[in-house]
file entry22.pdb (PDB, C-alpha atoms, pLDDT in the B column)
MODEL        1
ATOM      1  CA  MET A 119      21.851 -11.778  13.518  1.00 60.00           C
ATOM      2  CA  PHE A 120      22.842  -8.472  15.149  1.00 65.00           C
ATOM      3  CA  ARG A 121      26.314  -7.401  16.171  1.00 61.00           C
ATOM      4  CA  ARG A 122      26.763  -6.327  19.736  1.00 66.00           C
ATOM      5  CA  HIS A 123      27.429  -2.671  20.514  1.00 65.00           C
ATOM      6  CA  GLY A 124      31.113  -1.722  20.512  1.00 59.00           C
ATOM      7  CA  SER A 125      32.238  -4.346  18.042  1.00 62.00           C
ATOM      8  CA  LYS A 126      35.450  -3.850  16.090  1.00 68.00           C
ATOM      9  CA  PRO A 127      33.873  -2.668  12.807  1.00 78.00           C
ATOM     10  CA  THR A 128      31.994   0.058  14.697  1.00 83.00           C
ATOM     11  CA  LEU A 129      35.190   1.160  16.416  1.00 85.00           C
ATOM     12  CA  ALA A 130      37.024   1.219  13.081  1.00 86.00           C
ATOM     13  CA  LEU A 131      34.282   3.384  11.600  1.00 91.00           C
ATOM     14  CA  TRP A 132      34.552   5.914  14.432  1.00 91.00           C
ATOM     15  CA  MET A 133      38.334   5.992  14.015  1.00 93.00           C
ATOM     16  CA  LEU A 134      37.840   6.877  10.344  1.00 94.00           C
ATOM     17  CA  VAL A 135      35.407   9.619  11.356  1.00 95.00           C
ATOM     18  CA  ALA A 136      37.994  10.967  13.818  1.00 94.00           C
ATOM     19  CA  LEU A 137      40.674  10.998  11.095  1.00 94.00           C
ATOM     20  CA  ALA A 138      38.317  12.866   8.767  1.00 95.00           C
ATOM     21  CA  ASP A 139      37.620  15.406  11.527  1.00 95.00           C
ATOM     22  CA  ILE A 140      41.351  15.973  11.988  1.00 90.00           C
ATOM     23  CA  ALA A 141      41.792  16.434   8.232  1.00 92.00           C
ATOM     24  CA  ILE A 142      38.983  19.015   8.156  1.00 94.00           C
ATOM     25  CA  LEU A 143      40.501  20.829  11.142  1.00 90.00           C
ATOM     26  CA  VAL A 144      43.914  20.960   9.465  1.00 89.00           C
ATOM     27  CA  ALA A 145      42.375  22.251   6.237  1.00 92.00           C
ATOM     28  CA  ALA A 146      40.403  24.950   8.061  1.00 94.00           C
ATOM     29  CA  ALA A 147      43.000  26.153  10.569  1.00 92.00           C
ATOM     30  CA  GLY A 148      46.234  25.519   8.711  1.00 93.00           C
ATOM     31  CA  VAL A 149      48.954  22.973   9.286  1.00 89.00           C
ATOM     32  CA  MET A 150      51.159  25.211  11.452  1.00 93.00           C
ATOM     33  CA  THR A 151      48.314  26.120  13.796  1.00 92.00           C
ATOM     34  CA  VAL A 152      47.366  22.479  14.329  1.00 91.00           C
ATOM     35  CA  LEU A 153      51.019  21.488  14.872  1.00 91.00           C
ATOM     36  CA  LEU A 154      51.509  24.270  17.429  1.00 94.00           C
ATOM     37  CA  VAL A 155      48.358  23.291  19.334  1.00 92.00           C
ATOM     38  CA  ALA A 156      49.313  19.604  19.266  1.00 93.00           C
ATOM     39  CA  THR A 157      52.844  20.392  20.469  1.00 96.00           C
ATOM     40  CA  GLY A 158      51.472  22.501  23.299  1.00 96.00           C
ATOM     41  CA  ALA A 159      49.061  19.757  24.312  1.00 96.00           C
ATOM     42  CA  MET A 160      51.880  17.192  24.348  1.00 97.00           C
ATOM     43  CA  LEU A 161      54.034  19.487  26.488  1.00 98.00           C
ATOM     44  CA  VAL A 162      51.222  19.982  29.002  1.00 97.00           C
ATOM     45  CA  ALA A 163      50.499  16.246  29.113  1.00 97.00           C
ATOM     46  CA  GLY A 164      54.206  15.462  29.566  1.00 97.00           C
ATOM     47  CA  ALA A 165      54.548  17.977  32.384  1.00 97.00           C
ATOM     48  CA  PHE A 166      51.469  16.559  34.089  1.00 97.00           C
ATOM     49  CA  ALA A 167      52.820  13.004  33.800  1.00 96.00           C
ATOM     50  CA  GLY A 168      56.203  14.107  35.146  1.00 95.00           C
ATOM     51  CA  VAL A 169      54.652  15.805  38.165  1.00 95.00           C
ATOM     52  CA  ARG A 170      52.572  12.689  38.887  1.00 94.00           C
ATOM     53  CA  GLN A 171      55.692  10.497  38.700  1.00 93.00           C
ATOM     54  CA  LEU A 172      57.602  12.784  41.064  1.00 91.00           C
ATOM     55  CA  GLN A 173      54.708  12.850  43.531  1.00 90.00           C
ATOM     56  CA  ARG A 174      54.420   9.076  43.434  1.00 88.00           C
ATOM     57  CA  ARG A 175      58.173   8.686  44.041  1.00 83.00           C
ATOM     58  CA  ALA A 176      58.177  11.184  46.912  1.00 78.00           C
ATOM     59  CA  ALA A 177      55.368   9.408  48.794  1.00 71.00           C
ATOM     60  CA  PRO A 178      56.773   7.344  51.675  1.00 69.00           C
ATOM     61  CA  GLN A 179      56.530   3.618  51.100  1.00 64.00           C
ATOM     62  CA  PRO A 180      55.394   1.455  54.018  1.00 62.00           C
ATOM     63  CA  SER A 181      58.277  -0.571  55.378  1.00 62.00           C
ATOM     64  CA  SER A 182      58.335  -4.325  54.937  1.00 59.00           C
ATOM     65  CA  ALA A 183      58.748  -4.791  58.717  1.00 57.00           C
ATOM     66  CA  LEU A 184      55.285  -3.325  59.312  1.00 55.00           C
ATOM     67  CA  ARG A 185      53.796  -5.717  56.806  1.00 57.00           C
ATOM     68  CA  ARG A 186      55.378  -8.747  58.472  1.00 57.00           C
ATOM     69  CA  ARG A 187      54.004  -7.848  61.914  1.00 58.00           C
ATOM     70  CA  ALA A 188      50.462  -7.370  60.730  1.00 57.00           C
TER
ENDMDL
END

call {"tool": "encode", "arguments": {"input": "entry22.pdb", "output": "structure tokens"}}
result
Amino acid sequence: MFRRHGSKPTLALWMLVALADIAILVAAAGVMTVLLVATGAMLVAGAFAGVRQLQRRAAPQPSSALRRRA
């Protein structure tokens, strides 16, 4: 019997491959370089998420009175 595509063992295998790729990258580039790049990526992602939150908060919400009339 065949397993369907995307089953958990396949996903676990790809996660191991990803971890091995990260280990090879760290060995090739150096620990400090990888940490600096990862920190920069987290800062950019955090800034992007913060801007999205502020934009979502600033958008006017429709009033409940308009919903009741409709």

call {"tool": "atom_distance", "arguments": {"input": "entry22.pdb", "atom1": "atom CA of A:Ala159", "atom2": "atom CA of A:Leu143"}}
result
15.7 Å

call {"tool": "closest_atom_pairs", "arguments": {"input": "entry22.pdb", "of": "stretch 137-156 of chain A", "to": "stretch 126-133 of chain A", "cutoff": "10 Å", "atoms": "only C-alpha atoms", "output": "Markdown table"}}
result
| residue | atom | partner | partner_atom | distance |
| --- | --- | --- | --- | --- |
| A:Leu137 | CA | A:Met133 | CA | 6.2 |
| A:Ala138 | CA | A:Met133 | CA | 8.6 |
| A:Asp139 | CA | A:Met133 | CA | 9.8 |

call {"tool": "write_last_selection", "arguments": {"input": "entry22.pdb", "atoms": "C-alpha atoms", "output": "mmCIF file, in the frame of the given file"}}
result
data_model
loop_
_atom_site.group_PDB
_atom_site.id
_atom_site.type_symbol
_atom_site.label_atom_id
_atom_site.label_comp_id
_atom_site.auth_asym_id
_atom_site.auth_seq_id
_atom_site.Cartn_x
_atom_site.Cartn_y
_atom_site.Cartn_z
ATOM 1 C CA LEU A 137 40.674 10.998 11.095
ATOM 2 C CA ALA A 138 38.317 12.866 8.767
ATOM 3 C CA ASP A 139 37.620 15.406 11.527
#

call {"tool": "atom_distance", "arguments": {"input": "entry22.pdb", "atom1": "atom CA of A:Val135", "atom2": "atom CA of A:Leu154"}}
result
22.6 Å

call {"tool": "atom_distance", "arguments": {"input": "entry22.pdb", "atom1": "atom CA of A:Gly158", "atom2": "atom CA of A:Ala136"}}
result
20.1 Å
